[in-house]
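These notes concern the structure reproduced below.
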Amino acid sequence: MADRPWLTILGLGEDGPEGLPPASRAALEAADCVIGPARHLALLPDLSAHRIEWPVPFAEGLPLILARRGTPTVALASGDPFWFGAGRVLAEALEPGEWRALPGPSTFSLAAARLGWGLERTTCLGLHAAPLTRLRPHLAPGARILALLRDGAAVDAVAELLCELGFGESSLTLCEALGGPRERVLQVRACDWTGGASHPVAVGLEIAGQGTVMTCASGREDALFASDGQMTKRPVRALALSALAPRPGERLWDIGGGSGSIAIEWLLAHHTTQATSIEPRPARAANIRANATALGVDRLQVVEGTAPEALMELPAPEVVFIGGGLSRALLDALTEQAPGARLVAHAVTLESEALLADWQATQGGELLRIELAEARPLGSRRGWAAAYPVVQYRGRL
């Protein structure tokens, strides 16, 4: 641990030095070097320290920071550096005690103050470097969302996305350069947005419309997933997710991904969960990627290949789901590659049922037989149409 911090991560607002507290001003005055985006450096015209413009891509700026180690240096960031800002990346690259942070008001705080929204009841998303489809799970009438965006074109794309999904009636509040002399706040309906936003920009969204809402519980509607028919259907999927029991930070191997519905619902369970979907058919693998993107899940790893060979280089999971390709060789390989992991496997054929029954007899765990029937027309009346029964195994490797 360093005796004294040499790097100050300083949050700067659109009002420049006038909005800085004494401690932040003192850090700038004591710095030999100040590094930051061109826009931030331009807000400090009287700066006497050596200036370095942060390069693009962002990662190329880290060596420039590390080269200053031991020299009083300030890294400029927008508002609160640790809320969708550069603070986390910088802190992870340094040792404890090498840095300190002097945050300013975040864009979220400023936007909430303009709109009168309680942040504790508002979803806050940093979409300046992430797919805009991350909005999808949060779109429900009455929901309030604050989103940081990359540029004016991203505002156009948000409005277009809302309209495509049936939420064009949503209120869109444009928040430009909050806290500075160029501040502009403009409220329109998403369907009435005509463009013209400029960076730095955020939007406040109050969702309205008749679009399809993604539920919060597992077992989302089948229609949300594009599929060639190879998909774990909604009721069975809900039982599978219950057995998989996602916990924060856990990684899932989804073997025989199909449409990706299991892995996607696993990732929707918590923002820190991770998943890898293993699918041997390229067309289905492409479908999994498309479904993940459409449903706002951009952290799903898709591996084209056959298990167990495709598992060799993957990070070890806490949980494994086998939805296809079940075999004794796969179970034996998983015992070696993911020892102690929780295992949930589904079987439909008599042969795979027998395999799970034998596995449970020797390895322990639980077996559940799932038999479902759906009411369908039968002539002029209705009858029960039974689906193939599914045997579910739950245990540990």
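Each chain of the structure tokens is named A, B, ... in the order shown, its residues numbered from 1; ligands are numbered from 1 in display order.
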| message | Report as a VMD selection string all protein, DNA and RNA residues lying within 8 Å of range 301-311 of chain A, evaluated on only C-alpha atoms, omitting residues in the same chain fewer than 2 positions from it. | response | chain A and resid 255 275 to 282 285 288 to 289 299 313 to 314 325 330 333 to 334
Pull all heavy atoms from the residues just selected and write them as a compact mmCIF listing (two decimals), in the first residue's frame.
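Output (result11.txt):
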# COMPACT_ATOMS: atom_id res chain seq x y z
N ILE A 255 -25.79 -26.34 -21.45
CA ILE A 255 -25.35 -27.29 -22.46
C ILE A 255 -26.54 -27.72 -23.30
O ILE A 255 -27.51 -28.26 -22.78
CB ILE A 255 -24.67 -28.50 -21.81
CG1 ILE A 255 -23.44 -28.05 -21.00
CG2 ILE A 255 -24.27 -29.53 -22.86
CD1 ILE A 255 -22.77 -29.15 -20.22
N ALA A 275 -23.11 -16.47 -17.74
CA ALA A 275 -23.58 -17.70 -18.39
C ALA A 275 -22.83 -17.94 -19.68
O ALA A 275 -22.48 -16.99 -20.40
CB ALA A 275 -25.07 -17.64 -18.65
N THR A 276 -22.63 -19.22 -19.97
CA THR A 276 -22.11 -19.66 -21.26
C THR A 276 -23.08 -20.67 -21.82
O THR A 276 -23.44 -21.64 -21.13
CB THR A 276 -20.72 -20.31 -21.11
OG1 THR A 276 -19.81 -19.37 -20.54
CG2 THR A 276 -20.20 -20.77 -22.47
N SER A 277 -23.52 -20.44 -23.04
CA SER A 277 -24.43 -21.36 -23.71
C SER A 277 -23.65 -22.15 -24.75
O SER A 277 -23.00 -21.55 -25.62
CB SER A 277 -25.58 -20.59 -24.36
OG SER A 277 -26.57 -21.48 -24.86
N ILE A 278 -23.68 -23.47 -24.66
CA ILE A 278 -22.95 -24.34 -25.58
C ILE A 278 -23.95 -24.97 -26.54
O ILE A 278 -24.87 -25.68 -26.11
CB ILE A 278 -22.16 -25.43 -24.83
CG1 ILE A 278 -21.13 -24.79 -23.89
CG2 ILE A 278 -21.46 -26.37 -25.79
CD1 ILE A 278 -21.60 -24.56 -22.48
N GLU A 279 -23.79 -24.70 -27.82
CA GLU A 279 -24.74 -25.17 -28.83
C GLU A 279 -23.97 -25.62 -30.08
O GLU A 279 -23.20 -24.83 -30.65
CB GLU A 279 -25.72 -24.04 -29.19
CG GLU A 279 -26.63 -24.32 -30.36
CD GLU A 279 -27.41 -25.62 -30.21
OE1 GLU A 279 -28.09 -25.79 -29.19
OE2 GLU A 279 -27.32 -26.45 -31.14
N PRO A 280 -24.17 -26.86 -30.52
CA PRO A 280 -23.39 -27.37 -31.67
C PRO A 280 -23.85 -26.86 -33.02
O PRO A 280 -23.08 -26.86 -33.98
CB PRO A 280 -23.57 -28.88 -31.57
CG PRO A 280 -24.87 -29.08 -30.84
CD PRO A 280 -24.98 -27.92 -29.90
N ARG A 281 -25.09 -26.41 -33.16
CA ARG A 281 -25.61 -26.01 -34.46
C ARG A 281 -25.43 -24.50 -34.66
O ARG A 281 -25.96 -23.70 -33.88
CB ARG A 281 -27.09 -26.38 -34.59
CG ARG A 281 -27.34 -27.87 -34.43
CD ARG A 281 -28.76 -28.22 -34.77
NE ARG A 281 -29.04 -29.63 -34.53
CZ ARG A 281 -30.17 -30.25 -34.85
NH1 ARG A 281 -31.15 -29.56 -35.44
NH2 ARG A 281 -30.34 -31.53 -34.61
N PRO A 282 -24.71 -24.09 -35.71
CA PRO A 282 -24.45 -22.65 -35.92
C PRO A 282 -25.71 -21.80 -36.02
O PRO A 282 -25.74 -20.67 -35.50
CB PRO A 282 -23.66 -22.64 -37.24
CG PRO A 282 -23.02 -23.98 -37.31
CD PRO A 282 -24.01 -24.93 -36.69
N ALA A 285 -26.97 -21.29 -32.58
CA ALA A 285 -26.06 -20.39 -31.85
C ALA A 285 -26.31 -18.95 -32.24
O ALA A 285 -26.32 -18.05 -31.38
CB ALA A 285 -24.61 -20.79 -32.12
N ILE A 288 -29.43 -17.80 -30.53
CA ILE A 288 -29.19 -17.50 -29.11
C ILE A 288 -28.65 -16.08 -28.97
O ILE A 288 -29.11 -15.31 -28.12
CB ILE A 288 -28.22 -18.52 -28.50
CG1 ILE A 288 -28.86 -19.91 -28.45
CG2 ILE A 288 -27.80 -18.08 -27.09
CD1 ILE A 288 -27.89 -21.02 -28.05
N ARG A 289 -27.68 -15.74 -29.80
CA ARG A 289 -27.10 -14.39 -29.74
C ARG A 289 -28.16 -13.33 -30.03
O ARG A 289 -28.22 -12.29 -29.35
CB ARG A 289 -25.95 -14.27 -30.73
CG ARG A 289 -24.75 -15.16 -30.42
CD ARG A 289 -23.59 -14.86 -31.36
NE ARG A 289 -22.48 -15.78 -31.13
CZ ARG A 289 -22.26 -16.87 -31.85
NH1 ARG A 289 -23.08 -17.17 -32.85
NH2 ARG A 289 -21.24 -17.66 -31.58
N ARG A 299 -24.26 -9.99 -21.92
CA ARG A 299 -23.10 -10.64 -21.31
C ARG A 299 -23.16 -12.16 -21.43
O ARG A 299 -22.47 -12.88 -20.69
CB ARG A 299 -22.97 -10.23 -19.83
CG ARG A 299 -24.13 -10.62 -18.94
CD ARG A 299 -24.00 -10.00 -17.55
NE ARG A 299 -24.94 -10.56 -16.60
CZ ARG A 299 -26.20 -10.20 -16.49
NH1 ARG A 299 -26.69 -9.26 -17.31
NH2 ARG A 299 -26.99 -10.76 -15.59
N GLU A 313 -11.84 -25.14 -22.29
CA GLU A 313 -11.16 -23.88 -21.99
C GLU A 313 -12.05 -22.88 -21.26
O GLU A 313 -11.66 -21.72 -21.09
CB GLU A 313 -10.66 -23.24 -23.29
CG GLU A 313 -9.72 -24.13 -24.11
CD GLU A 313 -8.45 -24.48 -23.35
OE1 GLU A 313 -7.98 -23.62 -22.59
OE2 GLU A 313 -7.96 -25.60 -23.53
N LEU A 314 -13.22 -23.31 -20.83
CA LEU A 314 -14.16 -22.38 -20.21
C LEU A 314 -13.90 -22.21 -18.72
O LEU A 314 -13.48 -23.15 -18.05
CB LEU A 314 -15.60 -22.88 -20.42
CG LEU A 314 -16.09 -23.01 -21.86
CD1 LEU A 314 -17.53 -23.53 -21.88
CD2 LEU A 314 -16.00 -21.68 -22.59
N GLY A 325 -28.18 -33.34 -25.43
CA GLY A 325 -26.90 -34.03 -25.55
C GLY A 325 -26.50 -34.81 -24.31
O GLY A 325 -25.32 -35.09 -24.10
N LEU A 330 -20.77 -37.44 -20.96
CA LEU A 330 -20.85 -36.02 -20.58
C LEU A 330 -20.90 -35.87 -19.07
O LEU A 330 -20.20 -35.01 -18.51
CB LEU A 330 -22.09 -35.39 -21.23
CG LEU A 330 -22.38 -33.93 -20.84
CD1 LEU A 330 -21.20 -33.03 -21.18
CD2 LEU A 330 -23.65 -33.44 -21.53
N ALA A 333 -17.47 -36.49 -17.67
CA ALA A 333 -16.57 -35.38 -17.96
C ALA A 333 -16.87 -34.18 -17.08
O ALA A 333 -15.95 -33.51 -16.59
CB ALA A 333 -16.68 -35.01 -19.44
N LEU A 334 -18.14 -33.90 -16.85
CA LEU A 334 -18.52 -32.78 -16.00
C LEU A 334 -18.05 -33.00 -14.56
O LEU A 334 -17.68 -32.04 -13.86
CB LEU A 334 -20.03 -32.58 -16.02
CG LEU A 334 -20.59 -31.97 -17.32
CD1 LEU A 334 -22.12 -32.05 -17.31
CD2 LEU A 334 -20.14 -30.53 -17.48
| task | For Ile9 in chain A, please output as a list of chain:residue names all residues within 10 Å (counting only C-alpha atoms; exclusion window: fewer than 5 positions along the same chain). | result | A:Ser24, A:Ala27, A:Ile35, A:Thr73, A:Val74, A:Ala75, A:Leu76, A:Ala77, A:Asp80, A:Pro81, A:Phe82, A:Ala86, A:Gly87, A:Leu90, A:Ala91, A:Trp99, A:Arg100, A:Ala101, A:Leu102, A:Pro103
| Which residues come within 12 Å of range 178-182 of chain A, counting only C-alpha atoms, excluding same-chain residues fewer than 3 positions away, as number ranges by chain? | A: 12-20, 43, 78-79, 104-115, 148, 174-175, 185-186, 198-203
Report the closest atom pair, with its distance in Å rounded to one decimal, for each residue of range 167-257 of chain A that has an atom no farther than 6 Å from range 152-160 of chain A; count only C-alpha atoms, sort by chain and then rising residue number, and write it as JSON lines.
{"residue": "A:Ala190", "atom": "CA", "partner": "A:Ala159", "partner_atom": "CA", "distance": 4.9}
{"residue": "A:Gly195", "atom": "CA", "partner": "A:Asp156", "partner_atom": "CA", "distance": 5.8}
{"residue": "A:Ala197", "atom": "CA", "partner": "A:Gly152", "partner_atom": "CA", "distance": 4.3}
{"residue": "A:Ser198", "atom": "CA", "partner": "A:Gly152", "partner_atom": "CA", "distance": 4.6}
Write the residues of the preceding selection, restricted to N, CA, C and O atoms, as a CSV table (one decimal), in the first residue's frame.
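Result went into selection_10.csv, see below:
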chain,number,residue,atom,x,y,z
A,190,ALA,N,-41.8,10.0,-27.0
A,190,ALA,CA,-40.8,9.3,-27.8
A,190,ALA,C,-41.2,9.3,-29.3
A,190,ALA,O,-40.4,9.5,-30.2
A,195,GLY,N,-35.1,14.5,-33.2
A,195,GLY,CA,-33.7,14.6,-33.2
A,195,GLY,C,-33.1,15.9,-32.8
A,195,GLY,O,-33.9,16.8,-32.5
A,197,ALA,N,-30.2,16.2,-30.5
A,197,ALA,CA,-29.5,16.2,-29.3
A,197,ALA,C,-28.0,16.3,-29.5
A,197,ALA,O,-27.5,15.9,-30.5
A,198,SER,N,-27.3,16.8,-28.5
A,198,SER,CA,-25.8,16.8,-28.5
A,198,SER,C,-25.2,16.4,-27.2
A,198,SER,O,-25.8,16.4,-26.2
| said: So that I can check the surroundings of Leu295 in chain A, please list as number ranges by chain every protein, DNA and RNA residue that reaches within 12 Å of it, counting only C-alpha atoms and ignoring chain neighbours fewer than 6 positions away. | reply: A: 131-139, 165, 212-215, 220-221, 223-226, 260-261, 263-265, 267-268, 288-289
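The spacing separating CA of Glu351 in chain A from CA of Met312 in chain A amounts to 26.3 Å.
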